[in-house]
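J.: Right, I'll just put the structure down here and ask away after.
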Amino acid sequence: MSKRHRGSEPAGDVVLPITPMLDMAFQLLTFFIFTFKPTTMEGQMALSLPDQEVRADPNPDPTAKPNPNQVPTPKLELLVLVKPHALGGESPITVEAESVRTPIADLTALKAHLKEVFDRKKAAIEVEVSALPDGEQAARRKELVAELGVKVQPVSAVKWGQVVEVMDLARSVGFTSVSFAKPPDYSL
Amino acid sequence: MSHGGGGEGGSAADPNLTPLLDVVLQLLMFFMMCVNFTQEQATADVKLPSAESARPVDPSESDVLYVNMKPYYERDWADRSPEFIDQLRRTFKNEGDTMVMVVGKDPMSPIYAKVWLDQFYKDQKSAARALDPGNPDPSVKTVIVLRASEALTCDQVYQMLDMAKVIGFRELRLRAKIQQNKPGGGT
């Protein structure tokens with residue numbers, strides 16, 4: 001009963017014990033600070049793996065619908081052969097395009113070479129596209145650029161990081177169809 | 001000499017803790033929000049290669065299978081139980097062997113990974129068939145997201161990609177660290 005009379009007494013200051021709460025907050029804060037690992041920004045790229053042995057269908061079905069995910073077969077395919085320095089010597093990279101082989105010394109030179117080829121082909125595409133009506137130009141341009149392919153073929157000993165670097169370089173120049181080919185000395 | 005009131009009766013110190021509490025809780029919220037839950041399938045200890053042309057990941061993409069690959073080195077697993085290390089030794093004979101990791105599974109050798117992936121594909125196919133009974137050959141929509149360590153050799157990666165293709169997967173994505181303004185270098 002006595003408790004009921006407390007309400008009529010003059011209200012005293014309500015003291016909230018915030019010390020335990022602060023303790024907990026600091027404990028949690030310390031935990032999150034120690035376990036905090038800022039993740040690196042991850043991105044992704046679509047990768048096609050042209051392998052005739054796998055793709056070729058011995059009994060093609062003439063009624064089969066085309067697969068929308070299938071990468072179109074490029075008309076101009078630059079083959080970028082990559083070797084480690086120990087095997088490749090002064091020119092570890094070779095670019096083969098339309099039966100012409102060009103030895104390349106490093107990635108800077110490779111970028112310049114790929115850019116030169118891409119720009120030349122792009123100019124030819126622009127000439128072809130300009131003859132079309134305005135409404136069809138963009139779609140045709142995209143189609144023709146997608147036909148310019150780069151196939152990176154490293155020897156087995158090359159590290160994956162270096163292969164991605166070469167593929168990245170080809171994409172940064174403008175090639176959209178970049179693939180990774182079976183290493184010539186593949187034995188696994 | 002006065003000693004700054006030291007001799008006086010000590011009054012109760014009443015610091016204003018509210019701003020402190022505010023800051024602490026703000027920091028707490030920040031760190032809690034930064035805990036990365038989206039990458040739960042991707043093991044953080046795979047050192048990815050860097051690429052300028054890598055595009056940010058679309059978070060709405062759900063039907064994906066993360067395949068993590070890295071070379072096996074026993075020292076990387078030193079903090080695990082002796083039984084687990086023994087199991088790894090039985091699976092991977094040599095340092096540098098390809099290690100394939102999928103969420104919920106112990107690290108696999110490429111041969112075992114092929115068996116597992118094949119079964120996974122068959123299960124996906126059955127599920128697609130159950131959803132679309134009228135279609136005798138429904139396509140498997142699962143996209144393989146490959147997180148391969150830059151330290152692997154390209155034949156190790158090719159082996160995995162080739163396996164996925166032969167099994168029937170048609171869409172492959174390659175994960176890389178997004179790098180801005182990467183300088184050119186030698187091979």
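Residues are referred to by chain and number: the chain letter is A, B, ... according to the order shown in the structure tokens, the number counts from 1 in that chain, and ligands are numbered separately from 1 in the order shown.
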Restrict the calculation to only C-alpha atoms, then for each residue of chain B with any atom at most 9 Å from an atom of chain A give the closest atom pair and their distance in Å to one decimal, rows by chain and rising residue number, as CSV.
T.:
residue,atom,partner,partner_atom,distance
B:Leu17,CA,A:Ile18,CA,8.7
B:Leu21,CA,A:Leu22,CA,7.0
B:Val24,CA,A:Ala25,CA,6.9
B:Leu25,CA,A:Ala25,CA,6.9
B:Leu27,CA,A:Leu29,CA,7.1
B:Leu28,CA,A:Leu29,CA,5.3
B:Met29,CA,A:Leu29,CA,8.9
B:Phe31,CA,A:Phe32,CA,5.8
B:Met32,CA,A:Phe32,CA,7.0
B:Cys34,CA,A:Phe36,CA,7.9
B:Val35,CA,A:Phe36,CA,7.4
B:Asn36,CA,A:Thr39,CA,7.8
B:Ala44,CA,A:Thr39,CA,8.1
B:Leu48,CA,A:Gly161,CA,7.7
B:Pro49,CA,A:Gly161,CA,4.9
B:Ser50,CA,A:Glu165,CA,7.2
B:Ala51,CA,A:Asp168,CA,5.6
B:Glu52,CA,A:Asp168,CA,6.4
B:Ser53,CA,A:Asp168,CA,5.8
B:Ala54,CA,A:Gly43,CA,4.7
B:Arg55,CA,A:Gly43,CA,4.8
B:Pro56,CA,A:Gly43,CA,4.5
B:Val57,CA,A:Gly43,CA,5.5
B:Val145,CA,A:Gln44,CA,8.3
B:Ala148,CA,A:Trp160,CA,7.9
B:Ser149,CA,A:Trp160,CA,7.3
B:Glu150,CA,A:Gly161,CA,4.0
B:Ala151,CA,A:Lys159,CA,6.0
B:Leu152,CA,A:Trp160,CA,5.5
B:Thr153,CA,A:Lys159,CA,4.3
B:Cys154,CA,A:Trp160,CA,4.9
B:Asp155,CA,A:Ser156,CA,4.8
B:Gln156,CA,A:Leu188,CA,7.7
B:Val157,CA,A:Trp160,CA,7.3
B:Tyr158,CA,A:Lys182,CA,6.7
B:Gln159,CA,A:Leu188,CA,6.9
B:Leu161,CA,A:Leu49,CA,7.5
B:Asp162,CA,A:Leu49,CA,7.8
B:Lys165,CA,A:Val54,CA,7.4
B:Val166,CA,A:Val54,CA,6.4
B:Arg170,CA,A:Asn69,CA,7.2
B:Glu171,CA,A:Asn69,CA,7.0
B:Leu172,CA,A:Leu47,CA,5.7
B:Arg173,CA,A:Ala46,CA,4.6
B:Leu174,CA,A:Met45,CA,5.2
B:Arg175,CA,A:Gln44,CA,4.4
B:Ala176,CA,A:Gly43,CA,5.5
B:Lys177,CA,A:Glu42,CA,4.6
B:Ile178,CA,A:Gly43,CA,5.5
B:Gln179,CA,A:Met41,CA,8.4
B:Pro183,CA,A:Thr108,CA,8.9
B:Gly184,CA,A:Thr108,CA,5.4
B:Gly185,CA,A:Leu107,CA,5.7
B:Gly186,CA,A:Asp106,CA,4.8
B:Thr187,CA,A:Asp106,CA,6.0
J.: What's around A:Phe118 at 10 Å? Count only C-alpha atoms, leave out sequence neighbours fewer than 4 positions away in its own chain, and write the answer as a list of chain:residue names.
T.: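 My reading of the contact set: A:Ala112, A:His113, A:Leu114, A:Lys122, A:Ala123, A:Ala124, A:Val145, A:Leu148, A:Gly149, A:Ala170, A:Val173, A:Gly174, A:Phe175.
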J.: Write the selection just made, keeping N, CA and C atoms, as an mmCIF file, in the first residue's frame?
T.:
data_model
loop_
_atom_site.group_PDB
_atom_site.id
_atom_site.type_symbol
_atom_site.label_atom_id
_atom_site.label_comp_id
_atom_site.auth_asym_id
_atom_site.auth_seq_id
_atom_site.Cartn_x
_atom_site.Cartn_y
_atom_site.Cartn_z
ATOM 1 N N ALA A 112 49.108 0.373 -77.165
ATOM 2 C CA ALA A 112 49.215 1.257 -78.326
ATOM 3 C C ALA A 112 48.863 0.493 -79.603
ATOM 4 N N HIS A 113 49.356 -0.748 -79.699
ATOM 5 C CA HIS A 113 49.109 -1.554 -80.903
ATOM 6 C C HIS A 113 47.624 -1.890 -81.039
ATOM 7 N N LEU A 114 47.022 -2.345 -79.929
ATOM 8 C CA LEU A 114 45.600 -2.711 -79.969
ATOM 9 C C LEU A 114 44.734 -1.497 -80.287
ATOM 10 N N LYS A 122 37.498 0.749 -86.426
ATOM 11 C CA LYS A 122 36.358 1.584 -86.039
ATOM 12 C C LYS A 122 36.066 2.612 -87.136
ATOM 13 N N ALA A 123 37.138 3.138 -87.721
ATOM 14 C CA ALA A 123 36.968 4.119 -88.803
ATOM 15 C C ALA A 123 36.268 3.470 -89.995
ATOM 16 N N ALA A 124 36.661 2.217 -90.289
ATOM 17 C CA ALA A 124 36.037 1.493 -91.402
ATOM 18 C C ALA A 124 34.562 1.231 -91.102
ATOM 19 N N VAL A 145 31.061 -3.584 -83.992
ATOM 20 C CA VAL A 145 32.137 -3.494 -82.988
ATOM 21 C C VAL A 145 32.241 -4.813 -82.220
ATOM 22 N N LEU A 148 34.559 -7.449 -83.507
ATOM 23 C CA LEU A 148 36.013 -7.317 -83.372
ATOM 24 C C LEU A 148 36.434 -8.025 -82.088
ATOM 25 N N GLY A 149 37.025 -9.147 -82.235
ATOM 26 C CA GLY A 149 37.340 -9.934 -81.046
ATOM 27 C C GLY A 149 38.826 -10.024 -80.752
ATOM 28 N N ALA A 170 42.724 -4.951 -73.380
ATOM 29 C CA ALA A 170 41.982 -5.053 -74.643
ATOM 30 C C ALA A 170 40.588 -4.434 -74.497
ATOM 31 N N VAL A 173 40.661 -0.593 -74.412
ATOM 32 C CA VAL A 173 40.874 0.024 -75.722
ATOM 33 C C VAL A 173 39.555 0.148 -76.481
ATOM 34 N N GLY A 174 38.630 -0.779 -76.238
ATOM 35 C CA GLY A 174 37.329 -0.702 -76.901
ATOM 36 C C GLY A 174 36.777 -2.038 -77.356
ATOM 37 N N PHE A 175 37.619 -3.070 -77.352
ATOM 38 C CA PHE A 175 37.138 -4.388 -77.771
ATOM 39 C C PHE A 175 36.143 -4.906 -76.738
#
J.: Excluding B:Glu61 and residues on its chain fewer than 6 positions from it, collect all residues at most 12 Å away from it, counting only C-alpha atoms, and give them as a list of chain:residue names.
T.: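 Non-adjacent residues within range: B:Thr38, B:Lys141, B:Thr142, B:Val143, B:Ile144, B:Val145, B:Arg173.
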J.: For the selection just defined, write its residues with C-alpha atoms to a file, as a compact mmCIF listing (two decimals), in the first residue's frame.
T.:
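Heads up, here's the output in out_35.txt:
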# COMPACT_ATOMS: atom_id res chain seq x y z
CA THR B 38 26.48 -9.50 -49.31
CA LYS B 141 20.11 -19.93 -65.63
CA THR B 142 22.84 -20.19 -63.00
CA VAL B 143 25.81 -17.96 -63.72
CA ILE B 144 29.23 -19.10 -62.58
CA VAL B 145 31.09 -16.27 -60.90
CA ARG B 173 31.66 -13.97 -65.01
J.: Would you mind reading off the distance between atom CA of B:Asp123 and atom CA of B:Met99, one decimal, in Å?
T.: 23.3 Å
J.: List every residue of stretch 69-110 of chain B that DSSP, applied to the backbone, labels as helix (DSSP H, G or I), and write the result as a list in words.
T.: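 Written out, the helix (DSSP H, G or I) residues of stretch 69-110 of chain B are Glu74, Arg75, Asp76, Trp77, Pro82, Glu83, Phe84, Ile85, Asp86, Gln87, Leu88, Arg89, Arg90, Thr91 and Pro110 of chain B.
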J.: So that I can see what lies close to B:Lys122, please list as a ChimeraX atom specification the residues with an atom at most 10 Å from it, counting only C-alpha atoms and leaving out residues fewer than 4 positions away in the same chain.
T.: /B:116-118,126-128,140,167-168
J.: Take the residues from that selection and put them in a file with N, CA and C atoms, as an mmCIF file, in the first residue's frame.
T.:
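Heads up, here's the output in selection32.cif:
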data_model
loop_
_atom_site.group_PDB
_atom_site.id
_atom_site.type_symbol
_atom_site.label_atom_id
_atom_site.label_comp_id
_atom_site.auth_asym_id
_atom_site.auth_seq_id
_atom_site.Cartn_x
_atom_site.Cartn_y
_atom_site.Cartn_z
ATOM 1 N N TRP B 116 31.204 -32.508 -58.322
ATOM 2 C CA TRP B 116 30.226 -31.711 -57.558
ATOM 3 C C TRP B 116 29.450 -30.772 -58.478
ATOM 4 N N LEU B 117 30.184 -30.102 -59.385
ATOM 5 C CA LEU B 117 29.539 -29.150 -60.310
ATOM 6 C C LEU B 117 28.560 -29.863 -61.233
ATOM 7 N N ASP B 118 28.944 -31.054 -61.655
ATOM 8 C CA ASP B 118 28.088 -31.849 -62.543
ATOM 9 C C ASP B 118 26.768 -32.165 -61.836
ATOM 10 N N SER B 126 16.936 -30.314 -63.069
ATOM 11 C CA SER B 126 15.712 -30.952 -62.578
ATOM 12 C C SER B 126 14.750 -29.901 -62.027
ATOM 13 N N ALA B 127 15.312 -28.927 -61.294
ATOM 14 C CA ALA B 127 14.473 -27.869 -60.718
ATOM 15 C C ALA B 127 13.821 -27.050 -61.826
ATOM 16 N N ALA B 128 14.601 -26.759 -62.899
ATOM 17 C CA ALA B 128 14.055 -25.990 -64.025
ATOM 18 C C ALA B 128 12.963 -26.787 -64.733
ATOM 19 N N VAL B 140 19.550 -23.940 -67.845
ATOM 20 C CA VAL B 140 19.969 -23.626 -66.471
ATOM 21 C C VAL B 140 20.446 -22.182 -66.465
ATOM 22 N N ILE B 167 30.317 -29.201 -68.671
ATOM 23 C CA ILE B 167 29.155 -29.616 -67.873
ATOM 24 C C ILE B 167 27.879 -29.008 -68.450
ATOM 25 N N GLY B 168 27.979 -27.789 -68.952
ATOM 26 C CA GLY B 168 26.790 -27.199 -69.572
ATOM 27 C C GLY B 168 26.541 -25.755 -69.193
#
J.: Write down as a short mmCIF file (atom, residue, chain, number, x, y, z; two decimals) with C-alpha atoms, in the first residue's frame the residues of stretch 17-66 of chain B whose backbone DSSP state falls under strand (DSSP E or B).
T.:
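Printed below is states_32.cif as written:
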data_model
loop_
_atom_site.label_atom_id
_atom_site.label_comp_id
_atom_site.auth_asym_id
_atom_site.auth_seq_id
_atom_site.Cartn_x
_atom_site.Cartn_y
_atom_site.Cartn_z
CA SER B 50 42.95 -5.96 -60.69
CA ALA B 51 41.08 -4.72 -63.71
CA ARG B 55 32.02 -3.29 -63.86
CA PRO B 56 30.34 -2.99 -60.44
CA VAL B 64 24.82 -17.15 -59.22
CA LEU B 65 27.29 -19.73 -58.02
CA TYR B 66 30.51 -18.37 -56.59
#
J.: Find, counting only C-alpha atoms, the residue in B:Phe30, B:Phe169, B:Tyr73, B:Phe92 that gets nearest to B:Pro110.
T.: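 Among the listed residues, the smallest separation from B:Pro110 belongs to B:Phe92.
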J.: Can you pull out the residues contacting stretch 85-91 of chain B? Cut-off 8 Å, using only C-alpha atoms, and skip same-chain residues under 5 positions away; I want them as number ranges by chain.
T.: B: 74, 77-78, 80, 107-109
J.: Of the candidates B:Leu131, B:Val115, B:Met160, B:Val67, which shows the shortest atom-to-atom distance to B:Val103, using only C-alpha atoms?
T.: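 Comparing B:Leu131, B:Val115, B:Met160, B:Val67 against B:Val103, the winner is B:Val67.
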J.: Grab the atom CA of B:Lys105 to atom CA of B:Pro82 distance for me, in Å with one decimal place.
T.: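 One can read the atom CA of B:Lys105 to atom CA of B:Pro82 distance as 18.0 Å.
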